[in-house]
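Taking it in order: structure first as structure tokens, then the write-up.
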Amino acid sequence: MKKLSLLLGAMLAMGTAQADLSNGGVKIGVLTDMSGPYSGMGGEGSVVAAKMAIDDCLKAECKGMKIELVSADNQNKPDIMVSKAREWMDKDGVDAIVDLTNSAGALAVQKLIKEKGGIAMYSGPATTRLTNEDCAPNGFHWMFDTYSSASGPASAITRKGGKTWYFVTVDYAFGQSLEKEAGDIVKANGGTVVGSVKHPLNNSDFSSALLQAQASKANVIALANGAQDTVNAIKASKEFGIGTTSQQQVAALLVFLTDVHSMGLNTAQGLLFSEGFYWDLDDQTRAFSKRFEKLHRGFKPTMVQAGVYSSTYHYLKSVAAAKSDDWKVIAQTMRDTPIKDSVMRNASIRPDGRVIHDVYLFQVKKPSESKGPWDYYNLVSTIPSQIAFKPLSESTCPLVKK
């Protein structure tokens, strides 16, 4: 009788929790680049990461909860991103959207959720506008941004003598933000920005841009781009012999694990950059990455994919804790609930929606230093969460009380 009473109690508790959720559960959408230049860092790997988070929560905090997952290719087009997000929320009952690779598209979705509600968790885009002038009470920037990506390498390289900088920048919100953040840090450390050149997203020919940068005679040619554009630019710089002398070096401000894997250590060795996650940091990250690797064709997770896992899990834990999927309740619960998982370290959510956490300055290993597949990084230093991101006192987010 005692066992039966306990079972009935558990069933009633489950029923009560489910009754507070619209449609009896929650639905999460992964909106990412499935086929373009950012598909390696996000793409199907982001879907895998979200599924892992759902499975883990169902075994713990979310037992008995109905959770659905949908995904779509954003094609790196803001109009497609916002159209799909609107369709998901209006017709398909999607409660939360994750990844959202592409800064311009993310800003469009941020505007949409301000009007319609719902939750958006950004681990793919980088623009700091998401937590500044375009911040939202229901928008959370999860993994990295242009400030956290630029601050480590820009300050380190400038302090070591790279005093003059020339930028090769992808021409949309992400690249513009990355160039500005890095340029400000260079100047703060006594350096000078001597010029820049823009290129389109998914660019295949960097010869003209790199030759202009080389002609500037700047100490540092900084790549304010990402993923396949960064890979193409670095390969082209090697072909032109740029960065092979002590007078001039190429600095990639945003590098993903899949980029290094694509280039190979012979090409990527020596690159200095910041990342929010690396598979080989500790026992927890290694265990998480081993699981991911088995589910995603032998690939280790990027920081974007790790961010999708962390954000999805935190959202689901917050729904379970609040026993509600009302976005206003969940947004506050997410802020109140500690972020603790196998991905993030010293993490919390600020009033502007910025998720702060430890960030790491890495340097790509020489081929002779690598001990096996995916062993690509040497850890240079850990940047504590409180200083890895732009100070809250400098935020232009209307939600921040001055």
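Residues in the structure tokens are numbered from 1 in each chain, the chains being A, B, ... in the order shown, and ligands are numbered from 1 in the order shown.
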
Polymer residues at most 7 Å from range 110-122 of chain A, only C-alpha atoms, same-chain spacing of 5 or more positions, as a PDB file with all heavy atoms, in the first residue's frame:
ATOM      1  N   ASP A  95       8.442  27.074 -27.939  1.00  0.00           N
ATOM      2  CA  ASP A  95       8.592  27.917 -26.749  1.00  0.00           C
ATOM      3  C   ASP A  95       9.942  28.608 -26.675  1.00  0.00           C
ATOM      4  O   ASP A  95      10.057  29.713 -26.131  1.00  0.00           O
ATOM      5  CB  ASP A  95       8.416  27.069 -25.488  1.00  0.00           C
ATOM      6  CG  ASP A  95       7.057  26.407 -25.424  1.00  0.00           C
ATOM      7  OD1 ASP A  95       6.088  27.124 -25.148  1.00  0.00           O
ATOM      8  OD2 ASP A  95       6.972  25.183 -25.659  1.00  0.00           O
ATOM      9  N   ALA A  96      10.986  27.939 -27.179  1.00  0.00           N
ATOM     10  CA  ALA A  96      12.346  28.478 -27.071  1.00  0.00           C
ATOM     11  C   ALA A  96      13.133  28.143 -28.324  1.00  0.00           C
ATOM     12  O   ALA A  96      12.968  27.071 -28.908  1.00  0.00           O
ATOM     13  CB  ALA A  96      13.051  27.910 -25.839  1.00  0.00           C
ATOM     14  N   ILE A  97      14.006  29.076 -28.741  1.00  0.00           N
ATOM     15  CA  ILE A  97      14.835  28.893 -29.924  1.00  0.00           C
ATOM     16  C   ILE A  97      16.296  29.002 -29.505  1.00  0.00           C
ATOM     17  O   ILE A  97      16.676  29.908 -28.754  1.00  0.00           O
ATOM     18  CB  ILE A  97      14.517  29.939 -31.009  1.00  0.00           C
ATOM     19  CG1 ILE A  97      13.018  29.926 -31.337  1.00  0.00           C
ATOM     20  CG2 ILE A  97      15.325  29.673 -32.282  1.00  0.00           C
ATOM     21  CD1 ILE A  97      12.582  30.999 -32.318  1.00  0.00           C
ATOM     22  N   VAL A  98      17.133  28.071 -30.002  1.00  0.00           N
ATOM     23  CA  VAL A  98      18.543  28.045 -29.625  1.00  0.00           C
ATOM     24  C   VAL A  98      19.453  28.089 -30.854  1.00  0.00           C
ATOM     25  O   VAL A  98      19.020  27.865 -31.970  1.00  0.00           O
ATOM     26  CB  VAL A  98      18.879  26.797 -28.776  1.00  0.00           C
ATOM     27  CG1 VAL A  98      18.113  26.812 -27.466  1.00  0.00           C
ATOM     28  CG2 VAL A  98      18.578  25.506 -29.545  1.00  0.00           C
ATOM     29  N   ASP A  99      20.706  28.385 -30.604  1.00  0.00           N
ATOM     30  CA  ASP A  99      21.801  28.543 -31.563  1.00  0.00           C
ATOM     31  C   ASP A  99      21.708  29.892 -32.254  1.00  0.00           C
ATOM     32  O   ASP A  99      22.357  30.845 -31.861  1.00  0.00           O
ATOM     33  CB  ASP A  99      21.859  27.402 -32.580  1.00  0.00           C
ATOM     34  CG  ASP A  99      23.150  27.443 -33.406  1.00  0.00           C
ATOM     35  OD1 ASP A  99      23.748  28.537 -33.520  1.00  0.00           O
ATOM     36  OD2 ASP A  99      23.577  26.413 -33.948  1.00  0.00           O
ATOM     37  N   LEU A 100      20.892  30.003 -33.337  1.00  0.00           N
ATOM     38  CA  LEU A 100      20.671  31.281 -34.029  1.00  0.00           C
ATOM     39  C   LEU A 100      21.948  31.871 -34.608  1.00  0.00           C
ATOM     40  O   LEU A 100      22.197  33.080 -34.543  1.00  0.00           O
ATOM     41  CB  LEU A 100      19.990  32.280 -33.081  1.00  0.00           C
ATOM     42  CG  LEU A 100      18.560  31.875 -32.708  1.00  0.00           C
ATOM     43  CD1 LEU A 100      18.265  32.168 -31.246  1.00  0.00           C
ATOM     44  CD2 LEU A 100      17.559  32.589 -33.594  1.00  0.00           C
ATOM     45  N   ALA A 136      17.023  42.204 -24.635  1.00  0.00           N
ATOM     46  CA  ALA A 136      15.622  41.864 -24.370  1.00  0.00           C
ATOM     47  C   ALA A 136      15.547  41.070 -23.073  1.00  0.00           C
ATOM     48  O   ALA A 136      16.474  40.319 -22.746  1.00  0.00           O
ATOM     49  CB  ALA A 136      15.043  41.043 -25.523  1.00  0.00           C
ATOM     50  N   ASN A 138      13.934  38.511 -22.519  1.00  0.00           N
ATOM     51  CA  ASN A 138      13.795  37.093 -22.843  1.00  0.00           C
ATOM     52  C   ASN A 138      14.839  36.612 -23.847  1.00  0.00           C
ATOM     53  O   ASN A 138      14.678  35.550 -24.462  1.00  0.00           O
ATOM     54  CB  ASN A 138      12.388  36.798 -23.369  1.00  0.00           C
ATOM     55  CG  ASN A 138      11.912  37.794 -24.421  1.00  0.00           C
ATOM     56  OD1 ASN A 138      12.444  38.892 -24.556  1.00  0.00           O
ATOM     57  ND2 ASN A 138      10.902  37.423 -25.177  1.00  0.00           N
ATOM     58  N   GLY A 139      15.913  37.387 -24.021  1.00  0.00           N
ATOM     59  CA  GLY A 139      17.013  36.995 -24.904  1.00  0.00           C
ATOM     60  C   GLY A 139      18.286  36.802 -24.099  1.00  0.00           C
ATOM     61  O   GLY A 139      18.661  37.677 -23.306  1.00  0.00           O
ATOM     62  N   PHE A 140      18.959  35.670 -24.298  1.00  0.00           N
ATOM     63  CA  PHE A 140      20.150  35.332 -23.515  1.00  0.00           C
ATOM     64  C   PHE A 140      21.314  34.980 -24.445  1.00  0.00           C
ATOM     65  O   PHE A 140      21.192  34.089 -25.285  1.00  0.00           O
ATOM     66  CB  PHE A 140      19.845  34.152 -22.583  1.00  0.00           C
ATOM     67  CG  PHE A 140      18.705  34.416 -21.640  1.00  0.00           C
ATOM     68  CD1 PHE A 140      17.404  34.049 -21.984  1.00  0.00           C
ATOM     69  CD2 PHE A 140      18.912  35.060 -20.434  1.00  0.00           C
ATOM     70  CE1 PHE A 140      16.335  34.303 -21.131  1.00  0.00           C
ATOM     71  CE2 PHE A 140      17.857  35.317 -19.564  1.00  0.00           C
ATOM     72  CZ  PHE A 140      16.564  34.942 -19.916  1.00  0.00           C
ATOM     73  N   HIS A 141      22.431  35.687 -24.273  1.00  0.00           N
ATOM     74  CA  HIS A 141      23.610  35.453 -25.110  1.00  0.00           C
ATOM     75  C   HIS A 141      24.530  34.492 -24.369  1.00  0.00           C
ATOM     76  O   HIS A 141      25.126  34.858 -23.366  1.00  0.00           O
ATOM     77  CB  HIS A 141      24.318  36.775 -25.406  1.00  0.00           C
ATOM     78  CG  HIS A 141      25.129  36.732 -26.655  1.00  0.00           C
ATOM     79  ND1 HIS A 141      25.665  37.856 -27.250  1.00  0.00           N
ATOM     80  CD2 HIS A 141      25.526  35.697 -27.439  1.00  0.00           C
ATOM     81  CE1 HIS A 141      26.326  37.513 -28.343  1.00  0.00           C
ATOM     82  NE2 HIS A 141      26.263  36.207 -28.460  1.00  0.00           N
ATOM     83  N   TRP A 142      24.682  33.300 -24.890  1.00  0.00           N
ATOM     84  CA  TRP A 142      25.170  32.199 -24.078  1.00  0.00           C
ATOM     85  C   TRP A 142      26.675  31.960 -24.078  1.00  0.00           C
ATOM     86  O   TRP A 142      27.280  31.816 -23.023  1.00  0.00           O
ATOM     87  CB  TRP A 142      24.471  30.896 -24.487  1.00  0.00           C
ATOM     88  CG  TRP A 142      24.259  30.014 -23.289  1.00  0.00           C
ATOM     89  CD1 TRP A 142      25.042  28.979 -22.871  1.00  0.00           C
ATOM     90  CD2 TRP A 142      23.212  30.126 -22.330  1.00  0.00           C
ATOM     91  NE1 TRP A 142      24.547  28.440 -21.714  1.00  0.00           N
ATOM     92  CE2 TRP A 142      23.407  29.137 -21.358  1.00  0.00           C
ATOM     93  CE3 TRP A 142      22.121  30.984 -22.190  1.00  0.00           C
ATOM     94  CZ2 TRP A 142      22.556  28.963 -20.271  1.00  0.00           C
ATOM     95  CZ3 TRP A 142      21.271  30.809 -21.119  1.00  0.00           C
ATOM     96  CH2 TRP A 142      21.503  29.815 -20.179  1.00  0.00           C
ATOM     97  N   SER A 311      22.645  25.857 -22.916  1.00  0.00           N
ATOM     98  CA  SER A 311      21.461  26.723 -22.906  1.00  0.00           C
ATOM     99  C   SER A 311      20.173  25.915 -22.910  1.00  0.00           C
ATOM    100  O   SER A 311      19.218  26.248 -22.198  1.00  0.00           O
ATOM    101  CB  SER A 311      21.494  27.698 -24.091  1.00  0.00           C
ATOM    102  OG  SER A 311      21.557  27.005 -25.327  1.00  0.00           O
ATOM    103  N   TRP A 327       6.802  32.532 -20.674  1.00  0.00           N
ATOM    104  CA  TRP A 327       8.152  33.030 -20.938  1.00  0.00           C
ATOM    105  C   TRP A 327       8.628  34.043 -19.894  1.00  0.00           C
ATOM    106  O   TRP A 327       9.823  34.096 -19.578  1.00  0.00           O
ATOM    107  CB  TRP A 327       8.260  33.608 -22.349  1.00  0.00           C
ATOM    108  CG  TRP A 327       7.536  34.898 -22.589  1.00  0.00           C
ATOM    109  CD1 TRP A 327       6.290  35.057 -23.113  1.00  0.00           C
ATOM    110  CD2 TRP A 327       8.019  36.222 -22.338  1.00  0.00           C
ATOM    111  NE1 TRP A 327       5.968  36.387 -23.199  1.00  0.00           N
ATOM    112  CE2 TRP A 327       7.012  37.127 -22.735  1.00  0.00           C
ATOM    113  CE3 TRP A 327       9.211  36.729 -21.829  1.00  0.00           C
ATOM    114  CZ2 TRP A 327       7.159  38.511 -22.632  1.00  0.00           C
ATOM    115  CZ3 TRP A 327       9.366  38.109 -21.713  1.00  0.00           C
ATOM    116  CH2 TRP A 327       8.348  38.977 -22.111  1.00  0.00           C
TER     117      TRP A 327
END

Item to complete: Do a neighbour search on Gly105 in chain A at 7 Å with only C-alpha atoms, toss out local chain neighbours closer than 3 positions, and write the hits as a ChimeraX atom specification.
Response: /A:77-78,81-82,102,108-109

Those residues with all heavy atoms, as a short mmCIF file (atom, residue, chain, number, x, y, z; two decimals), in the first residue's frame please?
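What follows is the written file part04.cif:
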data_model
loop_
_atom_site.label_atom_id
_atom_site.label_comp_id
_atom_site.auth_asym_id
_atom_site.auth_seq_id
_atom_site.Cartn_x
_atom_site.Cartn_y
_atom_site.Cartn_z
N LYS A 77 20.46 33.90 -43.70
CA LYS A 77 19.68 35.00 -44.23
C LYS A 77 18.72 35.50 -43.15
O LYS A 77 17.85 34.75 -42.69
CB LYS A 77 18.90 34.56 -45.47
CG LYS A 77 19.80 34.17 -46.64
CD LYS A 77 19.00 33.70 -47.84
CE LYS A 77 19.91 33.32 -49.00
NZ LYS A 77 19.16 32.82 -50.18
N PRO A 78 18.87 36.75 -42.72
CA PRO A 78 18.03 37.28 -41.64
C PRO A 78 16.54 37.15 -41.91
O PRO A 78 15.76 36.87 -40.99
CB PRO A 78 18.46 38.75 -41.56
CG PRO A 78 19.88 38.75 -42.02
CD PRO A 78 19.93 37.72 -43.12
N MET A 81 15.54 33.62 -41.23
CA MET A 81 15.60 33.35 -39.80
C MET A 81 14.37 33.88 -39.07
O MET A 81 13.73 33.17 -38.29
CB MET A 81 16.86 33.95 -39.20
CG MET A 81 18.14 33.21 -39.53
SD MET A 81 19.61 33.93 -38.76
CE MET A 81 19.35 33.53 -37.03
N VAL A 82 14.03 35.13 -39.31
CA VAL A 82 12.91 35.73 -38.58
C VAL A 82 11.58 35.14 -39.05
O VAL A 82 10.63 34.97 -38.27
CB VAL A 82 12.94 37.27 -38.70
CG1 VAL A 82 12.46 37.75 -40.06
CG2 VAL A 82 12.15 37.92 -37.59
N ASN A 102 24.48 33.55 -36.93
CA ASN A 102 24.41 34.71 -37.81
C ASN A 102 23.89 35.91 -37.03
O ASN A 102 22.73 35.95 -36.60
CB ASN A 102 23.53 34.48 -39.05
CG ASN A 102 23.57 35.68 -40.00
OD1 ASN A 102 23.06 36.73 -39.70
ND2 ASN A 102 24.20 35.50 -41.15
N ALA A 108 17.44 40.28 -35.71
CA ALA A 108 16.06 40.30 -36.21
C ALA A 108 15.15 39.45 -35.34
O ALA A 108 14.01 39.83 -35.04
CB ALA A 108 16.02 39.80 -37.66
N VAL A 109 15.64 38.28 -34.90
CA VAL A 109 14.86 37.42 -34.01
C VAL A 109 14.69 38.08 -32.65
O VAL A 109 13.63 37.98 -32.02
CB VAL A 109 15.52 36.03 -33.89
CG1 VAL A 109 14.83 35.20 -32.81
CG2 VAL A 109 15.47 35.30 -35.23
#

Discussion item. Which residue is closest to Gly25 in chain A? Choose from A:Gly45, A:Gly353, A:Gly40, A:Gly64 and count only C-alpha atoms.
Written reply: A:Gly64

Item to complete: Kindly indicate which residue among A:Lys365, A:Lys63, A:Arg129, A:Lys180 lies nearest to Ala150 in chain A, using only C-alpha atoms for the distances.
Response: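 Distance minimum relative to Ala150 in chain A lands on A:Lys180.
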
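Of the residues under consideration (A:Gln363, A:Ser348, A:Asn378, A:Ser395), A:Gln363 shows the shortest atom-to-atom contact distance to Val255 in chain A when counting only C-alpha atoms.
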